[in-house]
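What follows is the content of start-v7.tsv (TSV, C-alpha atoms).
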```tsv
chain	number	residue	atom	x	y	z
A	286	MET	CA	-116.56	0.80	-102.80
A	287	ARG	CA	-114.05	0.39	-105.63
A	288	ASN	CA	-116.41	2.22	-108.02
A	289	LEU	CA	-116.66	5.33	-105.88
A	290	SER	CA	-115.30	8.60	-107.22
A	291	ASP	CA	-112.14	10.10	-105.74
A	292	GLN	CA	-114.18	12.82	-104.05
A	293	GLU	CA	-116.50	10.29	-102.39
A	294	ILE	CA	-113.54	8.31	-101.08
A	295	ILE	CA	-111.87	11.46	-99.74
A	296	ASP	CA	-115.11	12.47	-98.00
A	297	SER	CA	-115.21	9.05	-96.38
A	298	VAL	CA	-111.56	9.33	-95.25
A	299	ARG	CA	-112.24	12.77	-93.81
A	300	LYS	CA	-115.18	11.35	-91.87
A	301	GLY	CA	-112.75	9.01	-90.14
A	302	ASN	CA	-112.63	5.94	-92.39
A	303	GLU	CA	-108.86	6.03	-92.87
A	304	SER	CA	-108.79	2.56	-94.37
A	305	ASP	CA	-110.58	3.91	-97.46
A	306	TYR	CA	-107.43	5.81	-98.30
A	307	SER	CA	-105.98	2.48	-99.46
A	308	ILE	CA	-108.40	2.64	-102.43
A	309	ILE	CA	-106.86	5.95	-103.46
A	310	ILE	CA	-103.38	4.47	-103.06
A	311	ASP	CA	-104.25	1.44	-105.19
A	312	ARG	CA	-105.83	3.68	-107.82
A	313	TYR	CA	-102.82	5.95	-108.31
A	314	LYS	CA	-99.73	4.09	-107.13
A	315	ASN	CA	-98.64	2.52	-110.42
A	316	LYS	CA	-99.35	5.56	-112.57
A	317	ALA	CA	-97.54	7.91	-110.21
A	318	PHE	CA	-94.72	5.39	-109.84
A	319	SER	CA	-94.27	5.22	-113.63
A	320	MET	CA	-94.00	9.00	-113.75
A	321	LEU	CA	-91.53	9.18	-110.86
A	322	LYS	CA	-89.41	6.36	-112.23
A	323	ARG	CA	-89.00	8.23	-115.48
A	324	MET	CA	-88.33	11.56	-113.78
A	325	LEU	CA	-85.89	10.30	-111.14
A	326	LYS	CA	-84.38	7.59	-113.37
A	327	ASN	CA	-84.19	5.33	-110.35
A	328	GLU	CA	-86.70	2.74	-109.16
A	329	PHE	CA	-85.72	2.85	-105.47
A	330	ASP	CA	-85.90	6.66	-105.26
A	331	ALA	CA	-89.21	6.59	-107.12
A	332	GLU	CA	-90.84	4.27	-104.59
A	333	GLU	CA	-89.47	6.23	-101.65
A	334	VAL	CA	-90.68	9.55	-103.05
A	335	LEU	CA	-94.06	8.01	-103.86
A	336	GLN	CA	-94.48	6.96	-100.22
A	337	ASP	CA	-93.75	10.52	-99.14
A	338	CYS	CA	-96.27	11.80	-101.66
A	339	PHE	CA	-99.10	9.59	-100.41
A	340	LEU	CA	-98.37	10.54	-96.79
A	341	LYS	CA	-98.11	14.21	-97.72
A	342	ALA	CA	-101.41	14.01	-99.59
A	343	TYR	CA	-103.07	12.24	-96.63
A	344	ASN	CA	-101.84	14.87	-94.18
A	345	SER	CA	-102.99	17.68	-96.47
A	346	LEU	CA	-106.41	16.24	-97.36
A	347	ASP	CA	-108.03	19.05	-95.39
A	348	SER	CA	-106.49	21.61	-97.72
A	349	PHE	CA	-107.99	19.87	-100.77
A	350	LYS	CA	-111.07	21.92	-101.47
A	351	GLY	CA	-112.24	19.98	-104.50
A	352	GLU	CA	-111.85	22.91	-106.91
A	353	ALA	CA	-109.55	20.84	-109.12
A	354	LYS	CA	-109.72	17.11	-109.70
A	355	PHE	CA	-108.06	15.03	-107.00
A	356	SER	CA	-105.76	13.48	-109.62
A	357	THR	CA	-104.49	16.93	-110.68
A	358	TRP	CA	-103.92	17.92	-107.05
A	359	PHE	CA	-102.17	14.65	-106.29
A	360	TYR	CA	-99.95	14.71	-109.40
A	361	ARG	CA	-98.92	18.25	-108.48
A	362	ILE	CA	-97.68	16.91	-105.15
A	363	VAL	CA	-95.88	14.08	-106.98
A	364	TYR	CA	-94.30	16.40	-109.54
A	365	ASN	CA	-93.14	18.98	-106.97
A	366	THR	CA	-91.79	16.32	-104.62
A	367	ALA	CA	-89.84	14.79	-107.49
A	368	LEU	CA	-88.35	18.19	-108.39
A	369	THR	CA	-87.42	18.77	-104.75
A	370	ARG	CA	-85.75	15.35	-104.61
A	371	LEU	CA	-83.85	16.08	-107.81
A	372	SER	CA	-82.60	19.43	-106.60
A	373	SER	CA	-81.70	18.06	-103.18
A	374	LYS	CA	-79.63	15.38	-104.85
A	375	LYS	CA	-77.92	18.15	-106.78
A	376	ARG	CA	-78.68	16.39	-109.97
A	377	LYS	CA	-79.10	18.27	-113.16
A	378	THR	CA	-82.57	19.69	-113.10
A	379	GLU	CA	-84.36	22.27	-115.11
A	380	SER	CA	-85.37	25.63	-113.80
A	381	GLU	CA	-88.85	25.71	-112.33
A	382	MET	CA	-89.59	28.74	-114.45
A	383	SER	CA	-91.57	27.83	-117.49
A	384	SER	CA	-88.66	27.77	-119.88
A	385	VAL	CA	-89.06	25.29	-122.69
A	386	GLU	CA	-85.52	25.68	-123.88
A	387	ASP	CA	-84.55	22.21	-122.81
A	388	HIS	CA	-81.95	20.94	-125.19
A	389	PHE	CA	-81.63	17.26	-125.38
A	390	ASP	CA	-79.96	15.04	-127.83
A	391	LEU	CA	-81.47	11.60	-127.83
A	392	GLU	CA	-79.20	10.50	-130.63
A	393	SER	CA	-76.21	10.72	-128.34
A	394	HIS	CA	-77.86	8.07	-126.16
A	395	HIS	CA	-79.13	5.84	-128.91
A	396	ASN	CA	-78.12	5.24	-132.43
A	397	ALA	CA	-80.26	3.85	-135.17
A	398	ASP	CA	-78.82	0.35	-134.80
A	399	ASP	CA	-80.16	0.13	-131.25
A	400	ILE	CA	-83.67	0.16	-132.58
A	401	GLU	CA	-83.11	-2.88	-134.74
A	402	LYS	CA	-81.76	-4.82	-131.79
A	403	LYS	CA	-84.92	-4.15	-129.81
A	404	ASP	CA	-88.63	-4.23	-130.28
A	405	ILE	CA	-89.82	-0.71	-131.10
A	406	GLN	CA	-92.08	-0.77	-128.03
A	407	GLU	CA	-89.16	-1.57	-125.77
A	408	PHE	CA	-87.07	1.06	-127.49
A	409	VAL	CA	-89.68	3.76	-126.91
A	410	ARG	CA	-89.98	2.75	-123.25
A	411	ASP	CA	-86.22	2.98	-122.78
A	412	ILE	CA	-85.73	6.24	-124.58
A	413	ILE	CA	-88.32	8.09	-122.47
A	414	THR	CA	-86.06	7.73	-119.45
A	415	LYS	CA	-83.37	9.57	-121.41
A	416	LEU	CA	-85.58	12.62	-121.86
A	417	PRO	CA	-85.16	15.57	-119.46
A	418	GLU	CA	-87.27	15.18	-116.31
A	419	ARG	CA	-90.05	17.55	-117.32
A	420	HIS	CA	-90.37	16.05	-120.80
A	421	SER	CA	-90.63	12.52	-119.46
A	422	ALA	CA	-93.19	13.74	-116.90
A	423	ILE	CA	-95.30	15.22	-119.70
A	424	ILE	CA	-95.07	12.08	-121.83
A	425	THR	CA	-96.11	9.88	-118.89
A	426	MET	CA	-98.98	12.14	-117.84
A	427	PHE	CA	-100.27	12.50	-121.40
A	428	TYR	CA	-99.95	8.92	-122.63
A	429	LEU	CA	-100.01	6.72	-119.54
A	430	ASN	CA	-102.22	8.73	-117.21
A	431	GLU	CA	-104.29	10.02	-120.13
A	432	MET	CA	-104.39	13.55	-118.75
A	433	SER	CA	-105.37	16.51	-120.90
A	434	ILE	CA	-102.86	19.22	-121.83
A	435	GLU	CA	-104.79	21.61	-119.54
A	436	GLU	CA	-104.49	19.26	-116.57
A	437	ILE	CA	-100.78	18.79	-117.22
A	438	SER	CA	-100.30	22.56	-117.33
A	439	GLU	CA	-102.09	22.80	-113.97
A	440	VAL	CA	-99.86	20.12	-112.47
A	441	MET	CA	-96.66	21.68	-113.76
A	442	GLN	CA	-97.81	25.28	-113.30
A	443	ILE	CA	-96.80	26.25	-116.81
A	444	THR	CA	-98.81	27.47	-119.78
A	445	VAL	CA	-100.76	25.14	-122.06
A	446	SER	CA	-98.64	26.22	-125.04
A	447	ASN	CA	-95.43	25.35	-123.20
A	448	VAL	CA	-96.78	21.89	-122.43
A	449	LYS	CA	-97.61	21.44	-126.12
A	450	VAL	CA	-94.17	22.61	-127.21
A	451	MET	CA	-92.48	20.14	-124.87
A	452	LEU	CA	-94.79	17.29	-125.87
A	453	HIS	CA	-94.22	17.92	-129.58
A	454	ARG	CA	-90.48	18.26	-129.11
A	455	SER	CA	-90.28	14.92	-127.31
A	456	ARG	CA	-92.41	13.22	-129.97
A	457	ASN	CA	-90.34	14.72	-132.78
A	458	SER	CA	-87.11	13.46	-131.24
A	459	LEU	CA	-88.49	9.94	-131.00
A	460	ARG	CA	-89.81	10.19	-134.55
A	461	ASP	CA	-86.40	11.27	-135.89
A	462	LEU	CA	-84.78	8.25	-134.26
A	463	VAL	CA	-87.35	5.93	-135.77
A	464	LEU	CA	-86.89	7.51	-139.19
A	465	LYS	CA	-83.14	6.99	-139.06
A	466	SER	CA	-83.51	3.30	-138.32
A	467	LYS	CA	-83.84	0.58	-140.88
A	468	LEU	CA	-86.88	-0.63	-138.99
A	469	ALA	CA	-88.72	2.40	-140.23
A	470	GLU	CA	-88.49	1.12	-143.78
A	471	GLU	CA	-90.30	-2.04	-142.78
A	472	LEU	CA	-92.85	-0.38	-140.55
A	473	LEU	CA	-93.68	2.70	-142.60
B	505	MET	CA	-100.85	26.25	-149.53
B	506	ILE	CA	-99.56	26.34	-145.96
B	507	GLN	CA	-96.06	25.36	-144.97
B	508	ILE	CA	-96.39	22.01	-143.18
B	509	THR	CA	-94.13	22.33	-140.17
B	510	ASP	CA	-93.51	19.75	-137.43
B	511	GLU	CA	-95.82	21.81	-135.24
B	512	ILE	CA	-98.66	21.57	-137.73
B	513	LEU	CA	-98.08	17.86	-138.21
B	514	ASN	CA	-98.26	17.34	-134.45
B	515	ASN	CA	-101.44	19.39	-134.22
B	516	TYR	CA	-102.91	17.39	-137.10
B	517	LEU	CA	-102.12	14.18	-135.25
B	518	ASP	CA	-103.81	15.53	-132.11
B	519	GLY	CA	-106.81	16.66	-134.15
B	520	GLU	CA	-106.29	20.26	-133.16
B	521	LEU	CA	-106.41	21.85	-136.61
B	522	SER	CA	-109.44	23.52	-138.11
B	523	ARG	CA	-111.30	21.57	-140.80
B	524	GLU	CA	-109.81	23.73	-143.50
B	525	GLU	CA	-106.24	23.35	-142.22
B	526	ALA	CA	-106.71	19.61	-141.80
B	527	GLU	CA	-107.85	19.32	-145.43
B	528	GLN	CA	-104.72	21.17	-146.56
B	529	VAL	CA	-102.47	18.83	-144.56
B	530	LYS	CA	-104.33	15.81	-145.98
B	531	ALA	CA	-103.82	17.08	-149.53
B	532	GLU	CA	-100.13	17.70	-148.86
B	533	LEU	CA	-99.72	14.21	-147.42
B	534	ARG	CA	-101.16	12.77	-150.63
B	535	THR	CA	-98.60	14.57	-152.75
B	536	SER	CA	-95.41	14.54	-150.65
B	537	GLU	CA	-93.89	11.15	-149.94
B	538	GLU	CA	-91.35	12.65	-147.54
B	539	LEU	CA	-94.07	14.34	-145.48
B	540	LEU	CA	-96.10	11.12	-145.44
B	541	ARG	CA	-93.08	9.22	-144.13
B	542	LYS	CA	-92.59	11.80	-141.39
B	543	TYR	CA	-96.24	11.69	-140.47
B	544	ASN	CA	-96.35	7.89	-140.37
B	545	ALA	CA	-93.28	7.78	-138.13
B	546	LEU	CA	-94.87	10.34	-135.80
B	547	LYS	CA	-98.09	8.34	-135.74
B	548	LEU	CA	-96.16	5.15	-134.98
B	549	VAL	CA	-94.40	6.82	-132.02
B	550	HIS	CA	-97.75	8.23	-130.85
B	551	GLU	CA	-99.37	4.77	-130.95
B	552	LYS	CA	-96.44	3.08	-129.24
B	553	LEU	CA	-96.50	5.67	-126.48
B	554	PHE	CA	-100.18	4.96	-125.92
B	555	ASP	CA	-99.37	1.24	-125.65
B	556	MET	CA	-96.91	1.90	-122.82
B	557	LYS	CA	-97.50	-0.28	-119.78
B	558	GLU	CA	-97.52	0.97	-116.21
B	559	ASP	CA	-94.64	0.07	-113.93
B	560	GLU	CA	-95.63	-1.70	-110.74
B	561	VAL	CA	-94.63	-0.81	-107.20
B	562	SER	CA	-93.67	-3.53	-104.71
B	563	PRO	CA	-96.64	-5.69	-103.60
B	564	ALA	CA	-96.67	-4.51	-99.96
B	565	PHE	CA	-96.61	-0.83	-100.91
B	566	THR	CA	-100.21	0.01	-99.91
B	567	ASP	CA	-99.96	-1.84	-96.59
B	568	LYS	CA	-96.71	-0.06	-95.79
B	569	ILE	CA	-98.33	3.37	-96.18
B	570	MET	CA	-101.51	2.39	-94.32
B	571	ASN	CA	-99.40	1.11	-91.42
B	572	GLN	CA	-97.55	4.40	-91.28
B	573	ILE	CA	-100.85	6.30	-91.27
B	574	VAL	CA	-102.28	4.17	-88.44
B	575	ARG	CA	-99.06	4.40	-86.44
B	576	LYS	CA	-99.03	8.15	-86.79
B	577	LYS	CA	-102.67	8.40	-85.74
B	578	PHE	CA	-102.09	6.63	-82.44
B	579	ALA	CA	-98.69	8.10	-81.76
B	580	ILE	CA	-98.44	10.49	-78.81
B	581	PRO	CA	-97.13	13.88	-79.93
B	582	LYS	CA	-93.50	14.49	-78.98
B	583	GLN	CA	-94.31	17.42	-76.70
B	584	GLN	CA	-96.92	15.35	-74.85
B	585	LYS	CA	-94.51	12.43	-74.58
B	586	TYR	CA	-91.85	14.62	-72.90
B	587	PHE	CA	-94.46	15.98	-70.52
B	588	ILE	CA	-95.69	12.52	-69.47
B	589	VAL	CA	-92.12	11.24	-68.98
B	590	SER	CA	-91.10	14.26	-66.90
B	591	ILE	CA	-94.22	14.04	-64.71
B	592	ALA	CA	-93.71	10.31	-64.17
B	593	THR	CA	-90.05	10.87	-63.27
B	594	PHE	CA	-90.97	13.66	-60.88
B	595	ILE	CA	-93.66	11.61	-59.11
B	596	THR	CA	-91.32	8.62	-58.82
B	597	LEU	CA	-88.58	10.81	-57.31
B	598	LEU	CA	-91.07	12.40	-54.93
B	599	CYS	CA	-92.28	8.97	-53.78
B	600	LEU	CA	-88.70	7.81	-53.28
B	601	VAL	CA	-87.86	10.90	-51.22
B	602	ILE	CA	-90.97	10.49	-49.04
B	603	PHE	CA	-90.26	6.78	-48.61
B	604	GLY	CA	-86.60	7.35	-47.74
B	605	PHE	CA	-87.43	10.16	-45.35
B	606	SER	CA	-90.10	8.03	-43.62
B	607	ILE	CA	-87.80	5.06	-43.26
B	608	SER	CA	-84.99	7.15	-41.78
B	609	ALA	CA	-87.43	8.84	-39.38
B	610	ILE	CA	-88.88	5.48	-38.31
B	611	ILE	CA	-85.48	4.00	-37.74
B	612	SER	CA	-84.34	6.94	-35.64
B	613	SER	CA	-87.53	6.90	-33.48
B	614	ALA	CA	-87.67	3.10	-33.05
B	615	PRO	CA	-85.86	1.23	-30.17
B	616	SER	CA	-82.19	0.44	-30.87
B	617	SER	CA	-82.98	-3.17	-31.62
B	618	ILE	CA	-86.30	-4.81	-32.46
B	619	GLY	CA	-85.22	-7.79	-30.44
B	620	GLU	CA	-85.27	-5.62	-27.27
B	621	SER	CA	-89.01	-4.96	-27.52
B	622	LYS	CA	-91.45	-7.18	-25.77
B	623	SER	CA	-93.27	-8.49	-28.78
B	624	VAL	CA	-93.57	-8.30	-32.55
B	625	LEU	CA	-96.90	-6.49	-32.13
B	626	ASP	CA	-95.17	-3.69	-30.26
B	627	SER	CA	-92.55	-3.22	-32.94
B	628	VAL	CA	-95.26	-3.03	-35.68
B	629	SER	CA	-97.17	-0.48	-33.67
B	630	ASN	CA	-93.96	1.53	-33.15
B	631	LEU	CA	-93.27	1.50	-36.90
B	632	THR	CA	-96.85	2.65	-37.71
B	633	ASP	CA	-96.62	5.44	-35.16
B	634	GLY	CA	-93.32	6.55	-36.67
B	635	LEU	CA	-94.79	6.58	-40.18
B	636	VAL	CA	-97.80	8.63	-39.09
B	637	THR	CA	-95.56	11.13	-37.27
B	638	THR	CA	-93.32	11.50	-40.31
B	639	LEU	CA	-96.25	12.05	-42.68
B	640	LYS	CA	-97.77	14.57	-40.25
B	641	HIS	CA	-94.48	16.41	-40.18
B	642	LEU	CA	-94.19	16.35	-43.98
B	643	PHE	CA	-97.74	17.65	-44.59
B	644	SER	CA	-97.70	20.41	-42.00
B	645	GLY	CA	-96.22	23.88	-41.99
B	646	SER	CA	-93.51	24.62	-44.57
B	647	GLY	CA	-93.54	21.02	-45.96
B	648	LEU	CA	-97.19	21.34	-46.95
B	649	SER	CA	-96.65	24.69	-48.70
B	650	ILE	CA	-93.77	23.23	-50.78
B	651	ILE	CA	-95.84	20.21	-51.83
B	652	GLY	CA	-98.82	22.49	-52.53
B	653	SER	CA	-96.70	24.72	-54.78
B	654	ILE	CA	-95.38	21.72	-56.71
B	655	PHE	CA	-98.86	20.33	-57.26
B	656	SER	CA	-100.19	23.76	-58.31
B	657	LEU	CA	-97.43	23.98	-60.88
B	658	LEU	CA	-98.31	20.52	-62.16
B	659	ILE	CA	-102.00	21.45	-62.43
B	660	ILE	CA	-101.12	24.61	-64.41
B	661	ILE	CA	-98.91	22.67	-66.86
B	662	SER	CA	-101.54	19.92	-67.25
B	663	GLY	CA	-104.17	22.61	-67.85
B	664	TYR	CA	-102.06	24.07	-70.65
B	665	PHE	CA	-101.74	20.69	-72.40
B	666	PHE	CA	-105.43	19.95	-71.90
B	667	PHE	CA	-106.30	23.33	-73.45
B	668	GLU	CA	-103.98	22.62	-76.41
B	669	MET	CA	-105.58	19.22	-76.94
B	670	GLN	CA	-109.05	20.75	-76.90
B	671	LYS	CA	-107.94	23.37	-79.43
B	672	ARG	CA	-106.54	20.70	-81.77
B	673	SER	CA	-109.64	18.53	-81.65
B	674	LYS	CA	-111.84	21.60	-82.28
B	675	ALA	CA	-109.70	22.47	-85.33
B	676	ASN	CA	-110.04	18.90	-86.65
B	677	LEU	CA	-113.78	19.06	-86.20
B	678	GLY	CA	-113.88	22.38	-88.04
B	679	ASN	CA	-111.90	20.97	-90.97
B	680	GLY	CA	-114.28	18.05	-91.21
B	681	GLN	CA	-117.26	20.38	-91.38
B	682	GLN	CA	-115.65	22.48	-94.12
B	683	LEU	CA	-116.56	19.77	-96.63
```
Please render this file's structure as structure tokens.
Amino acid sequence: MRNLSDQEIIDSVRKGNESDYSIIIDRYKNKAFSMLKRMLKNEFDAEEVLQDCFLKAYNSLDSFKGEAKFSTWFYRIVYNTALTRLSSKKRKTESEMSSVEDHFDLESHHNADDIEKKDIQEFVRDIITKLPERHSAIITMFYLNEMSIEEISEVMQITVSNVKVMLHRSRNSLRDLVLKSKLAEELL
Amino acid sequence: MIQITDEILNNYLDGELSREEAEQVKAELRTSEELLRKYNALKLVHEKLFDMKEDEVSPAFTDKIMNQIVRKKFAIPKQQKYFIVSIATFITLLCLVIFGFSISAIISSAPSSIGESKSVLDSVSNLTDGLVTTLKHLFSGSGLSIIGSIFSLLIIISGYFFFEMQKRSKANLGNGQQL
């Protein structure tokens, strides 16, 4: 059962085997949680929103026609629910229009000395949470969930080139921080 | 020679450049130490991002959601719940009224004291007669038409909810077949 495709599991759930939905939950919970945690910057909110997302997806399974991959459809629910939560909390959020003019200054959060104090892996993990919500969502989807740029653009409803611009911008910021650290001299 | 921008370097890292462009970047990397340093740092970040580990939700997460799904499945819809409660309340009230009315009618038709009657058998028979008379009175003439109207109303309301339920199950069946 664990080796079944998402579509096969969904078909089974639709036929009345609700318990099979737990396979879908187990398959996506940690990946979606990682994305939400980085977008919402709060573990408790992330888990609460994730619960809503799985229930929302379950209640809307009938509207999933299988034209896109289930993962793309599900991550769209996750991404939109996270944006709704952010705006309802009146936290600083970016416009839902496909503007890529997100200015962020990672150096104000971290200086070069921070990198030496930490392992570079740990540093990278920490700094992602400092990125604007949409940038951290892209980084998580691309690197952790191993989604293609096209899939990410479908999830976020923005153009492929905008996804690329945001991905490159995030990577460049991290690179600049690494270059400014002394650690870079040892590693590079 | 092309100008090696951050954009081109990123595209080179992602393998999105044409063969010709990639060769040009490679040649530039061989000659420019600064560019090589930039590229290596970018590659390092790229690799570290790929090594990122997933965060884990609480252990009972899946069970929590499945419980909610099961609970929701067997839950009676709010509208239906109100209907059942109001019908039950109405029937209980109706029974109480009938019972109270019967008792008062029996008491008024019975002898002033049970002790005055000849035997216990007589008093039981008197009580039964009183009950029958009261029920006859209640279900005849205007009493019957009032009760009839109330039951008709109940049948109409129940019919509406039954029709709604049928419609919902038909829709669910239709959605299942859409696959």
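The residues of chain B lying at most 6 Å from chain A, with all atoms listed in the file taken into account, are B:Ala545, B:Leu546, B:Lys552, B:Phe554, B:Glu558, B:Asp559, B:Glu560.
The shortest atom-to-atom distance to Thr414 in chain A, with only C-alpha atoms taken into account, belongs to A:Leu321 out of A:Trp358, A:Cys338, A:Val445, A:Leu321.
Between CA of Asn571 in chain B and CA of Tyr586 in chain B the separation is 24.1 Å.
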Rounded to one decimal in Å, what is the spacing between CA of Leu600 in chain B and CA of Ser653 in chain B? 18.8 Å
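Between CA of Lys465 in chain A and CA of Asn544 in chain B the separation is 13.3 Å.
Nearest to Phe359 in chain A of all the residues A:His420, A:Lys374, A:Arg312, A:Lys326 is A:Arg312, counting all atoms listed in the file.
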Using only C-alpha atoms, which protein or nucleic acid residues come within 9 Å of Ile602 in chain B? Drop anything in the same chain fewer than 4 positions from it, and give the result as a ChimeraX atom specification. /B:597-598,606-607,639,642
